[in-house]
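Here the structure is laid out as structure tokens; the discussion comes afterwards.
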Amino acid sequence: METKGGFYITQIKQLQDRIFERLLIENGIEISGGQGRILFILWKTDHLTISEISEKISLAKNTVSVVINGMVNKGIVARTINPENRRQIIISLTDYARSLQAKYEVVSEQMSTLFYQGFSEDEQKQFEHYLSRILDTLIEKLHTNK
């Protein structure tokens, strides 16, 4: 049996990213989707290490580092040395980043509405349950084959 789940997920992700970035620009938020994912994590829990951010958004540490460098240069986040562990760098929100949160949440809600257009609440829950199962399987595979 030919399956297309992975293909569909990849296409959805690419289109979602393009539409989301367009909505951000239309709402006056000049950040990339990658920067938005990092901000989303920091809005929930500020003052994280690059490793913690990397784990939470499932991106490689070096990729996260590159994105964070751009964010530091734009004044979106700040990088400080952890006083308790001098080898650790802590990434924190700036006042500018905090000022973007409400606008970003509006765009996120617009995207969510578009994403689930035509789905009943039960279909949405079922769909997310299936995606969660796939994600759990992939995470388990990643951690058992290091």
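Ligands are numbered from 1 in the order shown, chains are lettered A, B, ... in the order of the structure tokens, and residues start at 1 in each chain.
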
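Proximity to segment 41-52 of chain A at 9 Å, evaluated using only C-alpha atoms and with sequence-adjacent residues fewer than 4 positions away removed, yields Gly36, Arg37, Lys56, Ile57, Ala60, Lys61, Asn62, Val64, Ser65, Ile68, Gln88, Ile89, Ile90, Ile91, Ser92, Leu93, Ala97, Arg98 and Gln101 of chain A.
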
Would you export the selected residues with C-alpha atoms as a compact mmCIF listing (two decimals), in the first residue's frame, please?
# COMPACT_ATOMS: atom_id res chain seq x y z
CA GLY A 36 8.44 32.98 15.94
CA ARG A 37 8.80 29.38 17.10
CA LYS A 56 11.42 22.10 22.71
CA ILE A 57 11.20 23.03 19.02
CA ALA A 60 19.38 21.10 15.88
CA LYS A 61 21.33 23.26 18.34
CA ASN A 62 23.47 24.78 15.59
CA VAL A 64 18.83 27.36 16.76
CA SER A 65 22.13 29.18 17.44
CA ILE A 68 19.18 33.27 17.82
CA GLN A 88 25.97 28.12 29.89
CA ILE A 89 24.38 30.88 27.79
CA ILE A 90 20.86 31.96 28.71
CA ILE A 91 18.49 33.36 26.07
CA SER A 92 15.94 35.88 27.35
CA LEU A 93 13.16 38.01 25.91
CA ALA A 97 9.87 40.69 22.08
CA ARG A 98 7.33 40.97 24.88
CA GLN A 101 3.30 38.66 21.92

- Message: At a cut-off of 12 Å, using only C-alpha atoms, what residues contact Ile29 of chain A? Leave out same-chain residues fewer than 3 positions from it and give the result as number ranges by chain.
- Response: A: 20-26, 32-33, 35-36, 76, 96-97, 99-108

- Test item, helix (DSSP H, G or I) assignment across segment 10-109 of chain A, answer as a PyMOL selection string: chain A and resi 10-26+33-44+50-57+61-73+95-109

I need the residues from that last selection saved to file as a short mmCIF file (atom, residue, chain, number, x, y, z; two decimals), in the first residue's frame (with C-alpha atoms), if you can.
data_model
loop_
_atom_site.label_atom_id
_atom_site.label_comp_id
_atom_site.auth_asym_id
_atom_site.auth_seq_id
_atom_site.Cartn_x
_atom_site.Cartn_y
_atom_site.Cartn_z
CA THR A 10 5.91 18.12 4.40
CA GLN A 11 3.67 20.01 1.97
CA ILE A 12 1.42 21.26 4.77
CA LYS A 13 4.44 22.47 6.75
CA GLN A 14 5.88 24.35 3.75
CA LEU A 15 2.57 26.02 2.87
CA GLN A 16 1.76 26.78 6.50
CA ASP A 17 5.15 28.48 6.95
CA ARG A 18 4.66 30.66 3.85
CA ILE A 19 1.12 31.68 4.81
CA PHE A 20 2.08 32.28 8.45
CA GLU A 21 5.02 34.51 7.46
CA ARG A 22 2.72 36.46 5.12
CA LEU A 23 0.20 36.95 7.97
CA LEU A 24 3.00 38.12 10.27
CA ILE A 25 4.09 40.74 7.73
CA GLU A 26 0.47 41.85 7.15
CA GLY A 33 8.67 31.63 11.26
CA GLY A 34 11.77 30.15 12.92
CA GLN A 35 12.14 33.21 15.10
CA GLY A 36 8.44 32.98 15.94
CA ARG A 37 8.80 29.38 17.10
CA ILE A 38 11.63 30.40 19.43
CA LEU A 39 9.63 33.36 20.75
CA PHE A 40 6.61 31.14 21.33
CA ILE A 41 8.73 28.90 23.59
CA LEU A 42 10.29 31.86 25.42
CA TRP A 43 6.88 33.49 25.97
CA LYS A 44 5.87 30.34 27.84
CA ILE A 50 19.97 27.03 23.48
CA SER A 51 19.84 23.29 24.27
CA GLU A 52 16.49 23.66 26.02
CA ILE A 53 15.06 25.71 23.15
CA SER A 54 16.45 23.23 20.63
CA GLU A 55 14.77 20.32 22.41
CA LYS A 56 11.42 22.10 22.71
CA ILE A 57 11.20 23.03 19.02
CA LYS A 61 21.33 23.26 18.34
CA ASN A 62 23.47 24.78 15.59
CA THR A 63 20.34 25.79 13.64
CA VAL A 64 18.83 27.36 16.76
CA SER A 65 22.13 29.18 17.44
CA VAL A 66 22.11 30.74 13.96
CA VAL A 67 18.49 31.91 14.33
CA ILE A 68 19.18 33.27 17.82
CA ASN A 69 22.24 35.19 16.55
CA GLY A 70 19.93 37.00 14.11
CA MET A 71 17.41 37.63 16.87
CA VAL A 72 20.10 39.09 19.16
CA ASN A 73 21.27 41.38 16.34
CA ASP A 95 10.95 44.29 26.02
CA TYR A 96 10.54 44.46 22.23
CA ALA A 97 9.87 40.69 22.08
CA ARG A 98 7.33 40.97 24.88
CA SER A 99 5.58 43.75 22.95
CA LEU A 100 5.09 41.40 19.98
CA GLN A 101 3.30 38.66 21.92
CA ALA A 102 -0.29 39.93 21.66
CA LYS A 103 -0.02 40.59 17.90
CA TYR A 104 1.64 37.21 17.35
CA GLU A 105 -1.16 35.44 19.23
CA VAL A 106 -3.73 37.10 16.92
CA VAL A 107 -1.85 35.81 13.86
CA SER A 108 -1.50 32.38 15.45
CA GLU A 109 -5.27 32.27 16.01
#

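In this structure, atom CA of Ile9 of chain A sits 26.0 Å away from atom CA of Glu30 of chain A.
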
- Task: Go ahead and compute the interatomic distance for atom CA of Ile31 of chain A and atom CA of Ser58 of chain A, in Å to one decimal.
- Result: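 Here the two named atoms are 19.2 Å from each other.
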